[in-house]
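Q: Below is a structure I'd like to ask you about.
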Amino acid sequence: MDKTPQQILKEKREESLLGGGIKRIEAQHSKGKLTARERLDILLDEGTFQEIGAFVTHRSKDFGMEKQQILGDGVVTGYGMIHGRLVYVFSQDFTVFGGSLSETHAEKVCKIMDLALENGAPLIGLNDSGGARIQEGVVSLGGYADIFYRNVKSSGVIPQISAIMGPCAGGAVYSPALTDFILMTENSSYMFVTGPNVVKTVTNEDVSSEDLGGASVHSSKSGVAHFSCANEVVCLQNIKDMLAYMPQNCEDDAPAKEYTAGNETRDVLNSIVPESANQPYDMREVIEGLVDTNSFMEVHKNFAENILVGFAHLAGKSIGVIANQPAHLAGVLDVSSSQKGARFVRFCDAFNIPLLVLEDVPGFLPGTDQEWNAIITNGAKLLYAFSEATVPRITVITRKAYGGAYDVMNSKHIGADMNFAWPQAEIAVMGAKGAAEIIFKNDIKSADNKEEAWKEKEAEYADKFANPYRAAARGFVDEVIEPSETRDKCIRAFDMLKNKVRTMPKKKHGNIPL
């Protein structure tokens, strides 16, 4: 007896849900990995996923591929809700041809990307792909380029988030690299342009997938990954958490949480910075004492640890935090921290997230390694990012603000709206010791007791410049405040700036020092 149309539909739906089949699903599970659909079940609000393109199959007829037709063609695409807000998603299915990208696979992804851009909602990609489908040749490569092009068109318009949940090589890594944030799962995800076998052939280096492009490498050494997650569930939860700080698109504002105003004085901030200017402290304690309780979500935690970046809530409102970290390399700016800071500043500015800068910076890191790796160009990236930002911007100088780094860290001169300083702040070209060596060189040289003269002149310079009052007298610092007052001052200042409008000169786009 012929099957009814309804029976055929039911069978096809069941077939599409199985992907590459039971055995391949079991193989996926044996590696500690979830399937493409299981990942979406965890990521999206229950019952909200609407699939698009479930019955798509590839068009390849070479190498016997016409005999291997699997519904969905290696990627699950559609839309759903996270925190009740619309998102578009694609989840690559490693059980189908290793998640490799074919012409139709790419078309499905591109359709979702177009919908996300046209409807102004975030795009989330769950990547688990072996790369281009070799059997399709240039057609597959063209599919990657179609995706890359849309990543760039969407950049700065909608948030784009990529999770790497398996081995991603070749073209499979460039789409994530063009998105705003990359998350990787530990011991099961890899990113590299060329894998260990190719590396061995070309350079004769023996390296494992983990050492070449694992989550640890990319979250700490290269900075490619913003988050390294213990497992897939943690990874998916991080995506959900991150979206709570972001707007739907560049014309929207980030969602605010309910907040009841109260006593905003935070006495704990009075005792964090040590009396000695050379003693380190953890800037995270300042952040935690300043923002709403448990609201700081750090980004790029293990990369360039001399600067901290992340999202937080202040009086229920979403903000981006950029802070020097005196507990690591004394908080100096270097190549990696400048790149890290600039990238985060530009994301926040693109999506209307106000910026709070906590400054304790002794300058830029000296040395041949830094100069040969273009600290000039890379330091300029952070300078460019702050200067270009039009969102509300507040700076709090907690201790040191020396040299060019004072200018770069969101100073009044490059467009900051409000600049506060704590009483112990030191705003100068350099530290008192180095300055005394230069300014009082002859006095020290001619003194009977050079050591005593040096200390005396160092104290003289410190009295004149190692304080915030010269900058305040010039209006470069708007107010010198008690640390305990900082939260209240920032809440009031951001509220005052909420309707800020600042436009840049008309141009196609600037030429950031890349």
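Order determines the names: the first chain of the structure tokens is A, the second B, and so forth; residues in each chain are numbered 1 upward, and ligands are numbered 1 upward as they are shown.
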Within 10 Å of region 217-233 of chain A, counting only C-alpha atoms, which residues qualify if same-chain residues fewer than 2 places away don't, as a ChimeraX atom specification?
A: /A:32-34,39,42-43,162-165,176-177,180-192,210-215,235-239,298-305,336-337,339-340
Q: Taking the DSSP assignment computed from this structure's backbone, write out as a compact mmCIF listing (two decimals) with C-alpha atoms, in the first residue's frame all residues of region 303-503 of chain A that belong to strand (DSSP E).
A:
```
# COMPACT_ATOMS: atom_id res chain seq x y z
CA ILE A 307 44.79 44.08 31.10
CA LEU A 308 41.29 42.98 32.12
CA VAL A 309 38.25 43.28 29.88
CA GLY A 310 34.70 42.09 30.35
CA PHE A 311 31.03 42.86 30.70
CA ALA A 312 29.28 43.91 33.88
CA HIS A 313 26.11 45.51 35.18
CA LEU A 314 26.15 48.83 36.99
CA LYS A 317 22.71 48.60 33.12
CA SER A 318 25.18 46.82 30.86
CA ILE A 319 28.71 48.26 30.64
CA GLY A 320 32.07 47.20 29.25
CA VAL A 321 35.04 47.28 31.63
CA ILE A 322 38.66 47.79 30.56
CA ALA A 323 41.19 47.80 33.40
CA ASN A 324 44.95 47.66 33.80
CA LEU A 355 32.75 51.96 28.70
CA LEU A 356 34.26 52.13 32.18
CA VAL A 357 38.06 52.32 32.28
CA LEU A 358 40.00 51.61 35.48
CA GLU A 359 43.53 52.91 35.09
CA ASP A 360 46.73 51.99 36.86
CA VAL A 361 49.40 51.95 34.17
CA ARG A 393 33.11 56.78 28.42
CA ILE A 394 34.26 57.13 32.02
CA THR A 395 37.81 56.74 33.37
CA VAL A 396 38.83 56.22 37.00
CA ILE A 397 42.56 56.55 37.74
CA THR A 398 43.19 54.40 40.79
CA ARG A 399 46.96 54.91 41.04
CA LYS A 400 49.50 55.38 38.22
CA ALA A 401 48.89 57.12 34.92
CA TYR A 402 52.31 57.56 33.36
CA MET A 418 34.15 61.97 32.69
CA ASN A 419 37.53 61.39 34.31
CA PHE A 420 37.84 60.67 38.01
CA ALA A 421 40.98 60.11 40.08
CA GLU A 426 49.98 59.81 40.17
CA ILE A 427 49.62 61.50 36.78
CA ALA A 428 52.99 62.29 35.25
CA GLU A 479 36.92 65.28 40.07
CA VAL A 480 39.20 63.75 42.68
```
Q: Which residue, A:Met430, A:Ser30, A:Ser175, A:Gly289, has the smallest gap to Val268 (chain A) when you use only C-alpha atoms?
A: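 Between A:Met430, A:Ser30, A:Ser175, A:Gly289, the residue approaching Val268 (chain A) most closely is A:Gly289.
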Q: I want to know what sits within 10 Å of region 384-388 of chain A, based on only C-alpha atoms, with residues of the same chain fewer than 3 positions away left out; could you give that as a PyMOL selection string?
A: chain A and resi 338-339+341-347+349+355+378-381+391+393+408-411+413-416+503-504+510-513
Q: Provide the CA of Asn278 (chain A) to CA of Ala425 (chain A) distance in Å, to one decimal place.
A: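 Distance between the two atoms: 12.8 Å.
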Q: Where does DSSP see helix (DSSP H, G or I) in region 287-477 of chain A, if you list the residues as an MDAnalysis selection string?
A: chainID A and resid 287:290 329:331 335:350 368:372 375:388 403:408 412:414 432:439 441:446 450:465 469:474
Q: Would you please work out which residue, of A:Ala27, A:Met297, A:Ile287, A:Ala54, is nearest to Tyr245 (chain A) when using only C-alpha atoms?
A: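 The shortest atom-to-atom distance to Tyr245 (chain A) comes from A:Met297.
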Q: What's the separation between CA of Gln279 (chain A) and CA of Pro423 (chain A), in Å to one decimal place?
A: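 Atom-to-atom, CA of Gln279 (chain A) to CA of Pro423 (chain A), that is 16.8 Å.
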Q: Please, what distance in Å, to one decimal, runs between CA of Ile158 (chain A) and CA of Met81 (chain A)?
A: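 Going from CA of Ile158 (chain A) over to CA of Met81 (chain A), I get 15.4 Å.
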Q: Using only C-alpha atoms for the distances, tell me which of A:Leu365, A:Gly21, A:Gly316, A:Met65 is nearest to Gly403 (chain A).
A: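 Once distances to Gly403 (chain A) are computed over only C-alpha atoms, the minimum belongs to A:Leu365.
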Q: Could you check which of A:Ala330, A:Ala462, A:Val76, A:Val152 is closest to Asp93 (chain A), using only C-alpha atoms?
A: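 Among the listed residues, A:Val76 lies closest to Asp93 (chain A).
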